[in-house]
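Pasted below: upload.pdb, PDB, C-alpha atoms and all ligand atoms.
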```
ATOM      1  CA  MET A 204    -126.512  27.748-223.885  1.00  0.00           C
ATOM      2  CA  LEU A 205    -128.018  29.462-226.945  1.00  0.00           C
ATOM      3  CA  LYS A 206    -128.576  26.942-229.742  1.00  0.00           C
ATOM      4  CA  ILE A 207    -128.394  28.573-233.175  1.00  0.00           C
ATOM      5  CA  ALA A 208    -129.257  27.314-236.639  1.00  0.00           C
ATOM      6  CA  VAL A 209    -127.446  29.236-239.389  1.00  0.00           C
ATOM      7  CA  CYS A 210    -129.056  29.499-242.842  1.00  0.00           C
ATOM      8  CA  VAL A 211    -126.675  30.088-245.767  1.00  0.00           C
ATOM      9  CA  SER A 212    -126.666  30.254-249.581  1.00  0.00           C
ATOM     10  CA  GLY A 213    -123.101  30.928-250.656  1.00  0.00           C
ATOM     11  CA  GLY A 214    -119.538  31.476-249.482  1.00  0.00           C
ATOM     12  CA  GLY A 215    -120.399  31.403-245.790  1.00  0.00           C
ATOM     13  CA  THR A 216    -117.969  34.090-244.631  1.00  0.00           C
ATOM     14  CA  ASN A 217    -120.502  35.280-242.060  1.00  0.00           C
ATOM     15  CA  LEU A 218    -120.919  31.672-240.878  1.00  0.00           C
ATOM     16  CA  GLN A 219    -117.124  31.463-240.606  1.00  0.00           C
ATOM     17  CA  ALA A 220    -117.082  34.644-238.543  1.00  0.00           C
ATOM     18  CA  ILE A 221    -119.558  33.033-236.131  1.00  0.00           C
ATOM     19  CA  ILE A 222    -117.547  29.788-235.962  1.00  0.00           C
ATOM     20  CA  ASP A 223    -114.305  31.691-235.332  1.00  0.00           C
ATOM     21  CA  SER A 224    -115.952  33.991-232.763  1.00  0.00           C
ATOM     22  CA  ILE A 225    -117.222  31.013-230.766  1.00  0.00           C
ATOM     23  CA  ALA A 226    -113.747  29.432-230.915  1.00  0.00           C
ATOM     24  CA  SER A 227    -112.051  32.640-229.765  1.00  0.00           C
ATOM     25  CA  GLY A 228    -114.590  33.407-227.029  1.00  0.00           C
ATOM     26  CA  THR A 229    -115.892  36.580-228.699  1.00  0.00           C
ATOM     27  CA  ILE A 230    -119.224  34.766-228.663  1.00  0.00           C
ATOM     28  CA  THR A 231    -119.962  32.869-225.443  1.00  0.00           C
ATOM     29  CA  ASN A 232    -122.735  30.581-224.254  1.00  0.00           C
ATOM     30  CA  THR A 233    -123.594  29.619-227.851  1.00  0.00           C
ATOM     31  CA  ARG A 234    -123.555  26.466-229.989  1.00  0.00           C
ATOM     32  CA  ILE A 235    -124.268  26.131-233.720  1.00  0.00           C
ATOM     33  CA  VAL A 236    -126.585  23.108-233.847  1.00  0.00           C
ATOM     34  CA  ARG A 237    -127.139  23.038-237.607  1.00  0.00           C
ATOM     35  CA  VAL A 238    -126.225  24.803-240.848  1.00  0.00           C
ATOM     36  CA  ILE A 239    -128.919  24.789-243.524  1.00  0.00           C
ATOM     37  CA  SER A 240    -128.150  25.756-247.124  1.00  0.00           C
ATOM     38  CA  ASN A 241    -130.581  26.194-250.010  1.00  0.00           C
ATOM     39  CA  LYS A 242    -127.656  25.501-252.395  1.00  0.00           C
ATOM     40  CA  ALA A 243    -126.118  22.017-252.395  1.00  0.00           C
ATOM     41  CA  GLY A 244    -122.722  23.281-253.571  1.00  0.00           C
ATOM     42  CA  ALA A 245    -122.458  26.252-251.213  1.00  0.00           C
ATOM     43  CA  TYR A 246    -118.926  26.624-249.838  1.00  0.00           C
ATOM     44  CA  ALA A 247    -120.589  27.420-246.512  1.00  0.00           C
ATOM     45  CA  LEU A 248    -121.363  23.684-246.250  1.00  0.00           C
ATOM     46  CA  GLU A 249    -117.616  22.935-246.520  1.00  0.00           C
ATOM     47  CA  ARG A 250    -116.987  25.400-243.713  1.00  0.00           C
ATOM     48  CA  ALA A 251    -119.587  23.664-241.541  1.00  0.00           C
ATOM     49  CA  ALA A 252    -118.095  20.237-242.278  1.00  0.00           C
ATOM     50  CA  ALA A 253    -114.585  21.464-241.466  1.00  0.00           C
ATOM     51  CA  ALA A 254    -115.896  22.699-238.128  1.00  0.00           C
ATOM     52  CA  GLY A 255    -117.713  19.420-237.446  1.00  0.00           C
ATOM     53  CA  ILE A 256    -121.126  21.079-237.524  1.00  0.00           C
ATOM     54  CA  ASP A 257    -124.234  19.212-238.700  1.00  0.00           C
ATOM     55  CA  ALA A 258    -125.155  20.629-242.133  1.00  0.00           C
ATOM     56  CA  VAL A 259    -127.986  19.967-244.591  1.00  0.00           C
ATOM     57  CA  ALA A 260    -128.943  21.249-248.028  1.00  0.00           C
ATOM     58  CA  VAL A 261    -132.611  21.882-248.764  1.00  0.00           C
ATOM     59  CA  THR A 262    -132.850  22.836-252.407  1.00  0.00           C
ATOM     60  CA  ARG A 263    -135.861  24.108-254.339  1.00  0.00           C
ATOM     61  CA  ALA A 264    -135.073  21.750-257.247  1.00  0.00           C
ATOM     62  CA  ASP A 265    -135.592  18.743-254.961  1.00  0.00           C
ATOM     63  CA  HIS A 266    -139.206  19.722-254.291  1.00  0.00           C
ATOM     64  CA  PRO A 267    -142.262  19.671-256.576  1.00  0.00           C
ATOM     65  CA  ASP A 268    -143.431  23.138-255.544  1.00  0.00           C
ATOM     66  CA  LYS A 269    -142.608  26.118-253.326  1.00  0.00           C
ATOM     67  CA  ALA A 270    -144.943  25.006-250.540  1.00  0.00           C
ATOM     68  CA  ASP A 271    -143.149  21.646-250.335  1.00  0.00           C
ATOM     69  CA  PHE A 272    -139.760  23.389-250.335  1.00  0.00           C
ATOM     70  CA  ASN A 273    -140.851  25.780-247.574  1.00  0.00           C
ATOM     71  CA  ALA A 274    -142.142  22.844-245.508  1.00  0.00           C
ATOM     72  CA  ALA A 275    -138.821  21.007-245.935  1.00  0.00           C
ATOM     73  CA  LEU A 276    -136.867  24.121-244.956  1.00  0.00           C
ATOM     74  CA  LEU A 277    -138.961  24.562-241.802  1.00  0.00           C
ATOM     75  CA  LYS A 278    -138.580  20.849-240.978  1.00  0.00           C
ATOM     76  CA  ALA A 279    -134.781  21.066-241.325  1.00  0.00           C
ATOM     77  CA  VAL A 280    -134.768  23.937-238.828  1.00  0.00           C
ATOM     78  CA  ASP A 281    -137.309  22.395-236.449  1.00  0.00           C
ATOM     79  CA  GLU A 282    -135.270  19.176-236.252  1.00  0.00           C
ATOM     80  CA  ALA A 283    -132.378  21.158-234.775  1.00  0.00           C
ATOM     81  CA  ALA A 284    -134.683  22.825-232.214  1.00  0.00           C
ATOM     82  CA  PRO A 285    -132.744  26.126-232.255  1.00  0.00           C
ATOM     83  CA  ASP A 286    -133.341  29.037-229.890  1.00  0.00           C
ATOM     84  CA  LEU A 287    -132.274  31.433-232.654  1.00  0.00           C
ATOM     85  CA  VAL A 288    -132.233  31.253-236.454  1.00  0.00           C
ATOM     86  CA  VAL A 289    -129.426  33.290-238.084  1.00  0.00           C
ATOM     87  CA  LEU A 290    -129.772  34.223-241.766  1.00  0.00           C
ATOM     88  CA  ALA A 291    -126.167  34.665-242.889  1.00  0.00           C
ATOM     89  CA  GLY A 292    -125.998  35.404-246.601  1.00  0.00           C
ATOM     90  CA  PHE A 293    -129.274  33.490-247.016  1.00  0.00           C
ATOM     91  CA  LEU A 294    -131.078  34.421-250.226  1.00  0.00           C
ATOM     92  CA  VAL A 295    -134.431  32.702-249.683  1.00  0.00           C
ATOM     93  CA  VAL A 296    -137.450  34.783-248.599  1.00  0.00           C
ATOM     94  CA  LEU A 297    -138.888  32.873-245.636  1.00  0.00           C
ATOM     95  CA  ASP A 298    -142.595  32.122-245.860  1.00  0.00           C
ATOM     96  CA  ALA A 299    -145.105  33.554-243.390  1.00  0.00           C
ATOM     97  CA  GLY A 300    -145.544  30.236-241.551  1.00  0.00           C
ATOM     98  CA  PHE A 301    -141.820  30.024-240.788  1.00  0.00           C
ATOM     99  CA  ILE A 302    -141.676  33.620-239.566  1.00  0.00           C
ATOM    100  CA  ARG A 303    -144.778  33.177-237.423  1.00  0.00           C
ATOM    101  CA  LYS A 304    -143.344  30.084-235.778  1.00  0.00           C
ATOM    102  CA  TYR A 305    -139.953  31.723-235.034  1.00  0.00           C
ATOM    103  CA  LYS A 306    -141.163  35.325-234.571  1.00  0.00           C
ATOM    104  CA  GLY A 307    -138.629  37.270-232.522  1.00  0.00           C
ATOM    105  CA  ARG A 308    -136.038  34.505-232.914  1.00  0.00           C
ATOM    106  CA  ILE A 309    -134.769  35.151-236.460  1.00  0.00           C
ATOM    107  CA  ILE A 310    -131.988  37.641-237.257  1.00  0.00           C
ATOM    108  CA  ASN A 311    -130.526  38.680-240.594  1.00  0.00           C
ATOM    109  CA  ILE A 312    -127.348  40.460-241.689  1.00  0.00           C
ATOM    110  CA  HIS A 313    -127.810  42.960-244.502  1.00  0.00           C
ATOM    111  CA  PRO A 314    -124.836  44.681-246.199  1.00  0.00           C
ATOM    112  CA  SER A 315    -126.090  48.284-245.996  1.00  0.00           C
ATOM    113  CA  LEU A 316    -127.282  50.789-243.413  1.00  0.00           C
ATOM    114  CA  ILE A 317    -131.010  49.991-243.518  1.00  0.00           C
ATOM    115  CA  PRO A 318    -133.266  51.741-244.657  1.00  0.00           C
ATOM    116  CA  SER A 319    -130.834  52.536-247.478  1.00  0.00           C
ATOM    117  CA  PHE A 320    -130.324  50.030-250.292  1.00  0.00           C
ATOM    118  CA  CYS A 321    -132.545  47.270-248.925  1.00  0.00           C
ATOM    119  CA  GLY A 322    -135.752  45.456-249.776  1.00  0.00           C
ATOM    120  CA  ASP A 323    -136.639  43.429-252.852  1.00  0.00           C
ATOM    121  CA  GLY A 324    -133.766  43.035-255.298  1.00  0.00           C
ATOM    122  CA  PHE A 325    -131.112  44.407-252.922  1.00  0.00           C
ATOM    123  CA  TYR A 326    -128.774  41.527-252.065  1.00  0.00           C
ATOM    124  CA  GLY A 327    -125.080  40.676-252.377  1.00  0.00           C
ATOM    125  CA  LEU A 328    -123.153  42.832-254.850  1.00  0.00           C
ATOM    126  CA  LYS A 329    -126.325  44.626-256.015  1.00  0.00           C
ATOM    127  CA  VAL A 330    -126.402  46.467-252.686  1.00  0.00           C
ATOM    128  CA  HIS A 331    -122.896  47.866-253.196  1.00  0.00           C
ATOM    129  CA  GLU A 332    -123.528  48.675-256.850  1.00  0.00           C
ATOM    130  CA  ALA A 333    -126.509  50.803-255.764  1.00  0.00           C
ATOM    131  CA  ALA A 334    -124.505  52.528-253.018  1.00  0.00           C
ATOM    132  CA  LEU A 335    -121.720  53.435-255.466  1.00  0.00           C
ATOM    133  CA  ALA A 336    -124.245  54.566-258.101  1.00  0.00           C
ATOM    134  CA  ARG A 337    -125.881  56.888-255.562  1.00  0.00           C
ATOM    135  CA  GLY A 338    -122.498  58.254-254.525  1.00  0.00           C
ATOM    136  CA  VAL A 339    -122.857  57.729-250.767  1.00  0.00           C
ATOM    137  CA  LYS A 340    -119.682  58.445-248.768  1.00  0.00           C
ATOM    138  CA  VAL A 341    -120.622  56.080-245.947  1.00  0.00           C
ATOM    139  CA  THR A 342    -122.302  52.692-246.090  1.00  0.00           C
ATOM    140  CA  GLY A 343    -122.125  49.724-243.719  1.00  0.00           C
ATOM    141  CA  ALA A 344    -124.074  46.723-242.449  1.00  0.00           C
ATOM    142  CA  THR A 345    -127.167  46.058-240.361  1.00  0.00           C
ATOM    143  CA  VAL A 346    -128.337  43.177-238.187  1.00  0.00           C
ATOM    144  CA  HIS A 347    -132.095  43.158-237.680  1.00  0.00           C
ATOM    145  CA  PHE A 348    -134.861  40.886-236.456  1.00  0.00           C
ATOM    146  CA  VAL A 349    -136.773  39.334-239.350  1.00  0.00           C
ATOM    147  CA  ASP A 350    -140.468  40.080-239.782  1.00  0.00           C
ATOM    148  CA  GLU A 351    -142.863  39.394-242.655  1.00  0.00           C
ATOM    149  CA  GLY A 352    -141.278  42.080-244.842  1.00  0.00           C
ATOM    150  CA  THR A 353    -137.922  42.138-246.659  1.00  0.00           C
ATOM    151  CA  ASP A 354    -135.252  43.805-244.483  1.00  0.00           C
ATOM    152  CA  THR A 355    -138.021  45.598-242.533  1.00  0.00           C
ATOM    153  CA  GLY A 356    -137.756  44.096-239.027  1.00  0.00           C
ATOM    154  CA  PRO A 357    -136.495  45.934-235.917  1.00  0.00           C
ATOM    155  CA  ILE A 358    -132.875  47.061-236.307  1.00  0.00           C
ATOM    156  CA  ILE A 359    -130.552  45.614-233.654  1.00  0.00           C
ATOM    157  CA  MET A 360    -127.081  46.855-234.572  1.00  0.00           C
ATOM    158  CA  GLN A 361    -125.388  48.794-237.377  1.00  0.00           C
ATOM    159  CA  LYS A 362    -121.784  49.642-238.245  1.00  0.00           C
ATOM    160  CA  ALA A 363    -120.692  52.323-240.708  1.00  0.00           C
ATOM    161  CA  VAL A 364    -117.948  51.823-243.292  1.00  0.00           C
ATOM    162  CA  ASN A 365    -116.358  54.551-245.455  1.00  0.00           C
ATOM    163  CA  VAL A 366    -116.628  54.399-249.218  1.00  0.00           C
ATOM    164  CA  GLU A 367    -113.184  55.108-250.723  1.00  0.00           C
ATOM    165  CA  GLU A 368    -112.279  56.830-253.985  1.00  0.00           C
ATOM    166  CA  GLY A 369    -112.244  54.314-256.845  1.00  0.00           C
ATOM    167  CA  ASP A 370    -114.095  51.575-254.967  1.00  0.00           C
ATOM    168  CA  THR A 371    -115.552  48.819-257.112  1.00  0.00           C
ATOM    169  CA  PRO A 372    -118.582  46.880-255.830  1.00  0.00           C
ATOM    170  CA  GLU A 373    -116.310  43.924-255.046  1.00  0.00           C
ATOM    171  CA  VAL A 374    -113.789  46.022-253.103  1.00  0.00           C
ATOM    172  CA  LEU A 375    -116.563  47.768-251.181  1.00  0.00           C
ATOM    173  CA  GLN A 376    -118.308  44.451-250.417  1.00  0.00           C
ATOM    174  CA  LYS A 377    -115.107  43.042-248.947  1.00  0.00           C
ATOM    175  CA  ARG A 378    -114.558  46.131-246.775  1.00  0.00           C
ATOM    176  CA  VAL A 379    -118.160  46.027-245.520  1.00  0.00           C
ATOM    177  CA  MET A 380    -117.770  42.325-244.703  1.00  0.00           C
ATOM    178  CA  GLU A 381    -114.408  42.741-242.935  1.00  0.00           C
ATOM    179  CA  GLN A 382    -115.143  45.969-241.062  1.00  0.00           C
ATOM    180  CA  ALA A 383    -118.852  45.535-240.346  1.00  0.00           C
ATOM    181  CA  GLU A 384    -120.626  42.240-241.082  1.00  0.00           C
ATOM    182  CA  TRP A 385    -118.080  39.933-239.492  1.00  0.00           C
ATOM    183  CA  LYS A 386    -118.091  42.122-236.369  1.00  0.00           C
ATOM    184  CA  ILE A 387    -121.710  43.035-235.718  1.00  0.00           C
ATOM    185  CA  LEU A 388    -123.251  39.625-236.448  1.00  0.00           C
ATOM    186  CA  PRO A 389    -121.107  37.883-233.785  1.00  0.00           C
ATOM    187  CA  ALA A 390    -121.680  40.827-231.427  1.00  0.00           C
ATOM    188  CA  VAL A 391    -125.462  40.516-231.764  1.00  0.00           C
ATOM    189  CA  ILE A 392    -125.396  36.742-231.280  1.00  0.00           C
ATOM    190  CA  ASP A 393    -123.276  37.156-228.132  1.00  0.00           C
ATOM    191  CA  GLY A 394    -125.684  39.839-226.922  1.00  0.00           C
ATOM    192  CA  ILE A 395    -128.696  37.556-227.378  1.00  0.00           C
ATOM    193  CA  ALA A 396    -126.871  34.576-225.848  1.00  0.00           C
ATOM    194  CA  ASN A 397    -126.089  36.643-222.746  1.00  0.00           C
ATOM    195  CA  ASN A 398    -129.447  38.409-222.444  1.00  0.00           C
ATOM    196  CA  ARG A 399    -128.177  41.884-223.315  1.00  0.00           C
ATOM    197  CA  ILE A 400    -130.258  41.951-226.510  1.00  0.00           C
ATOM    198  CA  LYS A 401    -133.912  40.949-226.500  1.00  0.00           C
ATOM    199  CA  TYR A 402    -136.632  41.055-229.157  1.00  0.00           C
ATOM    200  CA  GLY A 403    -139.008  43.911-228.376  1.00  0.00           C
ATOM    201  CA  SER A 404    -136.395  46.070-226.692  1.00  0.00           C
ATOM    202  CA  VAL A 405    -133.977  47.138-229.457  1.00  0.00           C
TER
HETATM  203  C1  LIG B   1    -122.721  39.129-247.970  1.00  0.00           C
HETATM  204  O1  LIG B   1    -122.626  40.350-248.689  1.00  0.00           O
HETATM  205  C2  LIG B   1    -123.819  39.247-246.925  1.00  0.00           C
HETATM  206  O2  LIG B   1    -123.926  40.528-246.357  1.00  0.00           O
HETATM  207  C3  LIG B   1    -125.030  38.992-247.707  1.00  0.00           C
HETATM  208  O3  LIG B   1    -124.651  37.873-248.533  1.00  0.00           O
HETATM  209  C4  LIG B   1    -123.262  38.027-248.897  1.00  0.00           C
HETATM  210  C5  LIG B   1    -122.509  36.722-248.768  1.00  0.00           C
HETATM  211  O4  LIG B   1    -122.415  36.374-247.423  1.00  0.00           O
HETATM  212  N1  LIG B   1    -126.170  38.764-246.877  1.00  0.00           N
HETATM  213  P1  LIG B   1    -121.595  35.050-246.948  1.00  0.00           P
HETATM  214  O5  LIG B   1    -120.157  35.231-247.379  1.00  0.00           O
HETATM  215  O6  LIG B   1    -122.228  33.867-247.635  1.00  0.00           O
HETATM  216  O7  LIG B   1    -121.750  35.038-245.456  1.00  0.00           O
END
```

Is it possible to give me this structure as C-alpha cells?
Amino acid sequence: MLKIAVCVSGGGTNLQAIIDSIASGTITNTRIVRVISNKAGAYALERAAAAGIDAVAVTRADHPDKADFNAALLKAVDEAAPDLVVLAGFLVVLDAGFIRKYKGRIINIHPSLIPSFCGDGFYGLKVHEAALARGVKVTGATVHFVDEGTDTGPIIMQKAVNVEEGDTPEVLQKRVMEQAEWKILPAVIDGIANNRIKYGSV
C-alpha cells in the first residue's frame, strides 16, 4: 500500500482528483495519510476533512524564520511517514534538506508542458497568461519528480491541451485542469503505487 502525503496551498482540485480516483479505483493500492497546507484557510483542507483525511496547516507566519518554518514542514511530513510526497498546487519552494531526505519520492504537477512556461515566477494563472501571450496553440500539464531546481526534475508524464480562440487565462486554466492535471496526476500515482513508474527510469 503506497502511503502518500499531499501538500497543498489553495483550492485543492488536484487533491480532490486524487481522493476521487482512489474512491473510484482509478488509483489502487494507495492511501492518503496526511494533507499538509501552508495556508490555514486553504479550501483543500476542507476537502481533506470531508474525506476524513488527517490534515494540518504549517504556515510561515507561525514561525520566527524560514528555517523554523522549513523544519516544521518537514516534521509534519515525517510524522505521516509517507512513501511518496505529492505537491498538488503547492506554492512553497522546498528547502534542500527536505528534497535530500525525500529524493526520488516527491512529485509535482505543473500546468504547462515543461520546459515551456516553468521555473521561478511561473505558477497558477501566470503560467496560462504567459502561454496566451506567446500565442501557443497547444499547452498542457506535466508531472515530474522534484529535484533541487524549480520544475527541473525528471519528467514522468505530460498531456497536451488545445488552446482555443478567445481563451482567457481562467478558461484555459480550467481546461488544463480538467483535461490534463486531474488525469495525469492520478495516473502517475497509480503507476508508482503499482511499480510501473520508478524514479530513475522515466
Ligand atoms: C493549478 O493550476 C495547479 O496546476 C497548480 O496550482 C493550481 C491550483 O491547484 N500547481 P489546486 O486546485 O489547488 O490543486

| request: For Ala363 of chain A, work out the shell of residues within 10 Å, counting only C-alpha atoms and skipping chain neighbours fewer than 3 positions away, then give it as a PyMOL selection string. | output: chain A and resi 315-316+341-345+366+379+382-383

If you keep C-alpha atoms, can you produce a file of those selected residues as a compact mmCIF listing (two decimals), in the coordinates of the input?
```
# COMPACT_ATOMS: atom_id res chain seq x y z
CA SER A 315 -126.09 48.28 -246.00
CA LEU A 316 -127.28 50.79 -243.41
CA VAL A 341 -120.62 56.08 -245.95
CA THR A 342 -122.30 52.69 -246.09
CA GLY A 343 -122.12 49.72 -243.72
CA ALA A 344 -124.07 46.72 -242.45
CA THR A 345 -127.17 46.06 -240.36
CA VAL A 366 -116.63 54.40 -249.22
CA VAL A 379 -118.16 46.03 -245.52
CA GLN A 382 -115.14 45.97 -241.06
CA ALA A 383 -118.85 45.54 -240.35
```

To test the calculation: enclose all listed atoms of ligand LIG 1 (chain B) in a box whose edges run along x, y and z, add 6 Å on each side, then state centre and edge lengths in Å to one decimal, as AutoDock Vina command-line options.
```
--center_x -123.2 --center_y 37.2 --center_z -247.2 --size_x 18.0 --size_y 18.7 --size_z 15.4
```

| field | Point (-122.8, 45.3, -254.0), cut-off 9 Å, counting all atoms listed in the file, residues as a PyMOL selection string | value | chain A and resi 314+325-335+371-373+375-376

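Reported to one decimal place, the separation of atom CA of Lys242 of chain A from atom CA of Ile207 of chain A is 19.5 Å.
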
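Residue nearest ligand LIG 1 (chain B) within the list A:Ile317, A:Arg234, A:Asn397, A:Leu290: A:Leu290 [criterion: smallest interatomic distance, all atoms listed in the file].
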
| message | Between A:Ser212, A:Pro285, A:Ile302, A:Ala291, which residue has the minimum interatomic distance to Val261 of chain A, considering all atoms listed in the file? | response | A:Ser212

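Compared by their closest atoms to Tyr305 of chain A, and using only C-alpha atoms, the residues A:Phe320, A:Thr229, A:Asp286, A:Gly292 rank with A:Asp286 nearest.
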
| request: Name every residue that the PyMOL selection byres (((chain A and resi 401) around 12) and not hetatm) selects in this structure, writing the answer as a list in words with chains first and numbers rising. | output: Leu287, Gly307, Arg308, Ile309, Ile310, His347, Phe348, Pro357, Ile358, Ile359, Val391, Ile392, Asp393, Gly394, Ile395, Ala396, Asn397, Asn398, Arg399, Ile400, Tyr402, Gly403, Ser404 and Val405 of chain A

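In this comparison, which uses all atoms listed in the file, the residue of A:Glu367, A:Asp354, A:Asp281, A:Asp298 approaching ligand LIG 1 (chain B) most closely is A:Asp354.
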
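Here atom CA of Ser319 of chain A and atom CA of Arg303 of chain A stand 25.9 Å from one another.
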
List the residues selected by the PyMOL selection byres (((chain A and resi 241) around 9) and not hetatm) in the file shown, writing them as a PDB file with C-alpha atoms, in the coordinates of the input.
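Result saved to expr.pdb:
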```
ATOM      1  CA  CYS A 210    -129.056  29.499-242.842  1.00  0.00           C
ATOM      2  CA  VAL A 211    -126.675  30.088-245.767  1.00  0.00           C
ATOM      3  CA  SER A 212    -126.666  30.254-249.581  1.00  0.00           C
ATOM      4  CA  GLY A 213    -123.101  30.928-250.656  1.00  0.00           C
ATOM      5  CA  ILE A 239    -128.919  24.789-243.524  1.00  0.00           C
ATOM      6  CA  SER A 240    -128.150  25.756-247.124  1.00  0.00           C
ATOM      7  CA  LYS A 242    -127.656  25.501-252.395  1.00  0.00           C
ATOM      8  CA  ALA A 243    -126.118  22.017-252.395  1.00  0.00           C
ATOM      9  CA  ALA A 245    -122.458  26.252-251.213  1.00  0.00           C
ATOM     10  CA  VAL A 259    -127.986  19.967-244.591  1.00  0.00           C
ATOM     11  CA  ALA A 260    -128.943  21.249-248.028  1.00  0.00           C
ATOM     12  CA  VAL A 261    -132.611  21.882-248.764  1.00  0.00           C
ATOM     13  CA  THR A 262    -132.850  22.836-252.407  1.00  0.00           C
ATOM     14  CA  ARG A 263    -135.861  24.108-254.339  1.00  0.00           C
ATOM     15  CA  LEU A 276    -136.867  24.121-244.956  1.00  0.00           C
ATOM     16  CA  PHE A 293    -129.274  33.490-247.016  1.00  0.00           C
ATOM     17  CA  LEU A 294    -131.078  34.421-250.226  1.00  0.00           C
ATOM     18  CA  VAL A 295    -134.431  32.702-249.683  1.00  0.00           C
TER      19      VAL A 295
END
```

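With distances restricted to all atoms listed in the file, A:Gln219 is the closest residue to Arg250 of chain A from A:Asn365, A:Thr233, A:Gln219, A:Thr353.
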
Matched chain/residue IDs from the PyMOL selection byres (((chain A and resi 387) around 8) and not hetatm), as a CSV table (one decimal) with C-alpha atoms, in the coordinates of the input:
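The file below, result-v2.csv, is the result:
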```
chain,number,residue,atom,x,y,z
A,345,THR,CA,-127.2,46.1,-240.4
A,346,VAL,CA,-128.3,43.2,-238.2
A,360,MET,CA,-127.1,46.9,-234.6
A,361,GLN,CA,-125.4,48.8,-237.4
A,362,LYS,CA,-121.8,49.6,-238.2
A,383,ALA,CA,-118.9,45.5,-240.3
A,384,GLU,CA,-120.6,42.2,-241.1
A,385,TRP,CA,-118.1,39.9,-239.5
A,386,LYS,CA,-118.1,42.1,-236.4
A,388,LEU,CA,-123.3,39.6,-236.4
A,389,PRO,CA,-121.1,37.9,-233.8
A,390,ALA,CA,-121.7,40.8,-231.4
A,391,VAL,CA,-125.5,40.5,-231.8
```

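The space separating atom CA of Pro318 of chain A from atom CA of Gly215 of chain A comes to 24.1 Å.
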
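Proximity to ligand LIG 1 (chain B) was assessed for A:Ile230, A:Asp350, A:Ala283, A:Ile222 counting all atoms listed in the file; the smallest distance is recorded for A:Ile222.
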